[in-house]
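Colleague: Okay, handing you the structure first.
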Amino acid sequence: MPYSLDQDKNDLTLEQITRAGINYLMSKQKNGFFFQIEGGMIDYACHRNDIGNAINEVLDMDKAVKVAYEFYQQHPDETIIVISADHETGGLVMGTGPYELHTDLLRYQHKSIDELKWMLNQQYNKNPKAFTFKAVEKVIRTEMGFGAGIKLTDRQHERLNGRWEAIEKAMAEGNSTDEQKKAIRDRINDLCETTKHILSEVAHISWASGGHSNGYVPVYAIGPGTEVFQGRIDNIEIAPAMAKIAGYKAE
């Protein structure tokens, strides 16, 4: 699935898939069913430290949870919902020193960083001569909010300018060989990477890595028997507990 930020009208959302899945299983499984839905793109966005994208993926999954909860309200005595994750990704921390947080600025991100890279590379490929700093600034303003809702510091402007100068240098060397084309593509991608780092900075959000961390993840549960999910538990305890509540026999 595309990231929720990058979806168009022809893409199915996680909410739609969840609703369709429940309706299908209700029509086929007369004695109950188990249905696992994964908001897997949250992990991808966090691997990339793409904060606005990651938050949008969580909000997108929340819509799917709402569909499941609507089903629970119709069948409260025979439905359990368990929400968790197998790990945290990125070592995400809300706060970078000052006692403030500006997550409201994340609303200005309208495309994933992967999509932003694709857009700028396509723009260059279609018309290299029209690929100017002014043209790039327009895309970043529209898709990331830089210069629109988000005000950058002089140092942040300098970093973006430095990335553009690297692009100019690569373009000046030509694009006739595969190696030269790759150099230009890499420099454009570097610029996009810098925009995501700056967005985290202005929101006062930090990342520890681009991989999985050992940070605790929450378990939310509702329904008969879900009181077993309390305190700190190992993730390998979740599936057996769900099976026991549902009446499955362990083999």
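Ordered as shown in the structure tokens, chains take letters A, B, and onward, while each chain numbers its residues from 1 and ligands are numbered from 1 in the order shown.
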Pick out the residues sitting within 10 Å of stretch 157-170 of chain A, and hand them over as a count of residues only; count only C-alpha atoms, and ignore anything fewer than 6 positions along from it in its own chain.

Modeller: 24

Colleague: Near A:Asn56, within 7 Å and counting only C-alpha atoms, which residues show up once chain neighbours fewer than 4 positions away are dropped, as a list in words?

Modeller: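 Listing them by chain and then by number gives Ser4, Gly52 and Asp60 of chain A.
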
Colleague: Identify, with DSSP run on backbone atoms, the residues in stretch 79-172 of chain A assigned to strand (DSSP E), and express the list as a list in words.

Modeller: Ile81, Val82, Ile83, Glu88, Thr89, Val93 and Met94 of chain A

Colleague: For A:Lys196, please output as a PyMOL selection string all residues within 12 Å (counting only C-alpha atoms; exclusion window: fewer than 3 positions along the same chain).

Modeller: chain A and resi 45-46+48-54+106+108-109+111-114+116-117+140+143-146+156+160+189-193+199-203+205-207

Colleague: Skip A:Gly223 itself and residues of its chain fewer than 2 positions away, then list as a list of chain:residue names all residues within 7 Å of it, counting only C-alpha atoms.

Modeller: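 Near A:Gly223, the qualifying residues are A:Pro76, A:Thr79, A:Ile80, A:Ile81, A:Ala221, A:Gly225, A:Thr226.
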
Colleague: As a ChimeraX atom specification, list the residues of stretch 110-207 of chain A assigned to alpha helix (DSSP H) by DSSP on the backbone atoms of this structure.

Modeller: /A:113-126,133-144,154-172,178-203

Colleague: Kindly save the residues from that selection, with C-alpha atoms included, as an mmCIF file, in the first residue's frame.

Modeller:
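Ended up saving to out_9.cif:
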```
data_model
loop_
_atom_site.group_PDB
_atom_site.id
_atom_site.type_symbol
_atom_site.label_atom_id
_atom_site.label_comp_id
_atom_site.auth_asym_id
_atom_site.auth_seq_id
_atom_site.Cartn_x
_atom_site.Cartn_y
_atom_site.Cartn_z
ATOM 1 C CA ILE A 113 9.904 11.867 1.818
ATOM 2 C CA ASP A 114 10.033 8.947 -0.632
ATOM 3 C CA GLU A 115 7.383 10.649 -2.765
ATOM 4 C CA LEU A 116 9.167 13.996 -2.491
ATOM 5 C CA LYS A 117 12.341 12.381 -3.840
ATOM 6 C CA TRP A 118 10.391 10.881 -6.730
ATOM 7 C CA MET A 119 8.704 14.205 -7.531
ATOM 8 C CA LEU A 120 11.937 16.196 -7.650
ATOM 9 C CA ASN A 121 13.768 13.540 -9.640
ATOM 10 C CA GLN A 122 10.902 13.425 -12.127
ATOM 11 C CA GLN A 123 10.955 17.208 -12.358
ATOM 12 C CA TYR A 124 14.644 17.126 -13.211
ATOM 13 C CA ASN A 125 14.300 14.258 -15.700
ATOM 14 C CA LYS A 126 11.501 15.984 -17.608
ATOM 15 C CA PHE A 133 16.489 26.324 -6.913
ATOM 16 C CA LYS A 134 13.347 28.433 -7.288
ATOM 17 C CA ALA A 135 11.478 25.463 -8.783
ATOM 18 C CA VAL A 136 12.693 23.157 -5.994
ATOM 19 C CA GLU A 137 11.758 25.715 -3.314
ATOM 20 C CA LYS A 138 8.227 25.836 -4.720
ATOM 21 C CA VAL A 139 7.817 22.062 -4.322
ATOM 22 C CA ILE A 140 9.263 22.082 -0.801
ATOM 23 C CA ARG A 141 7.008 24.991 0.150
ATOM 24 C CA THR A 142 3.926 23.171 -1.146
ATOM 25 C CA GLU A 143 4.688 19.670 0.155
ATOM 26 C CA MET A 144 6.652 20.424 3.356
ATOM 27 C CA ASP A 154 19.253 31.059 8.873
ATOM 28 C CA ARG A 155 21.242 27.912 9.615
ATOM 29 C CA GLN A 156 18.497 25.690 8.205
ATOM 30 C CA HIS A 157 18.335 27.842 5.067
ATOM 31 C CA GLU A 158 22.092 27.460 4.713
ATOM 32 C CA ARG A 159 21.835 23.686 4.919
ATOM 33 C CA LEU A 160 19.232 23.607 2.143
ATOM 34 C CA ASN A 161 21.332 25.980 0.048
ATOM 35 C CA GLY A 162 24.335 23.728 0.561
ATOM 36 C CA ARG A 163 22.372 20.739 -0.686
ATOM 37 C CA TRP A 164 21.296 22.720 -3.755
ATOM 38 C CA GLU A 165 24.869 23.735 -4.491
ATOM 39 C CA ALA A 166 25.816 20.044 -4.464
ATOM 40 C CA ILE A 167 23.018 19.387 -6.983
ATOM 41 C CA GLU A 168 24.244 22.235 -9.193
ATOM 42 C CA LYS A 169 27.763 20.860 -9.096
ATOM 43 C CA ALA A 170 26.547 17.415 -10.112
ATOM 44 C CA MET A 171 24.455 18.880 -12.963
ATOM 45 C CA ALA A 172 27.397 20.940 -14.204
ATOM 46 C CA ASP A 178 24.776 6.375 -15.743
ATOM 47 C CA GLU A 179 27.298 7.407 -13.102
ATOM 48 C CA GLN A 180 26.575 11.094 -13.636
ATOM 49 C CA LYS A 181 22.813 10.528 -13.574
ATOM 50 C CA LYS A 182 23.181 8.611 -10.324
ATOM 51 C CA ALA A 183 25.223 11.445 -8.812
ATOM 52 C CA ILE A 184 22.463 13.943 -9.612
ATOM 53 C CA ARG A 185 19.786 11.612 -8.245
ATOM 54 C CA ASP A 186 21.766 11.059 -5.049
ATOM 55 C CA ARG A 187 22.233 14.805 -4.493
ATOM 56 C CA ILE A 188 18.502 15.427 -5.002
ATOM 57 C CA ASN A 189 17.768 12.673 -2.483
ATOM 58 C CA ASP A 190 20.222 14.280 -0.047
ATOM 59 C CA LEU A 191 18.245 17.510 -0.257
ATOM 60 C CA CYS A 192 15.024 15.635 0.579
ATOM 61 C CA GLU A 193 16.721 13.887 3.493
ATOM 62 C CA THR A 194 17.719 17.285 4.862
ATOM 63 C CA THR A 195 14.113 18.529 4.662
ATOM 64 C CA LYS A 196 12.916 15.654 6.847
ATOM 65 C CA HIS A 197 15.645 16.317 9.429
ATOM 66 C CA ILE A 198 14.700 19.981 9.522
ATOM 67 C CA LEU A 199 11.010 19.144 9.979
ATOM 68 C CA SER A 200 11.844 16.987 13.011
ATOM 69 C CA GLU A 201 13.984 19.823 14.370
ATOM 70 C CA VAL A 202 11.293 22.495 14.112
ATOM 71 C CA ALA A 203 8.789 20.151 15.768
#
```

Colleague: If we count only C-alpha atoms, what is near A:Glu237 at a cut-off of 12 Å, once residues fewer than 5 positions away on the same chain are taken out, given as a PyMOL selection string?

Modeller: chain A and resi 86+219+228-230+232+242-244

Colleague: Env of A:Thr89: 9 Å cut, atoms = only C-alpha atoms, seq-sep filter 3 positions within chain, self excluded. Answer as a list in words.

Modeller: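 Those residues are Ile42, Asp43, Tyr44, Cys46, His47, Asn49, Leu92, Ser209, Gly210, Gly211, His212, Ser213, Asn214 and Gly215 of chain A.
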
Colleague: State, in Å with one decimal place, the distance from atom CA of A:Met1 to atom CA of A:His87.

Modeller: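 Taking atom CA of A:Met1 and atom CA of A:His87, their separation equals 20.6 Å.
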
Colleague: Nearest to A:Thr13: which of A:Ile37, A:Glu78, A:Ala130, A:Thr96 is it, counting only C-alpha atoms?

Modeller: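 For A:Thr13, the nearest of the candidates is A:Ile37.
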
Colleague: Calculate how many Å separate atom CA of A:Pro218 from atom CA of A:Ser84, rounding to one decimal.

Modeller: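 Going from atom CA of A:Pro218 over to atom CA of A:Ser84 covers 6.0 Å.
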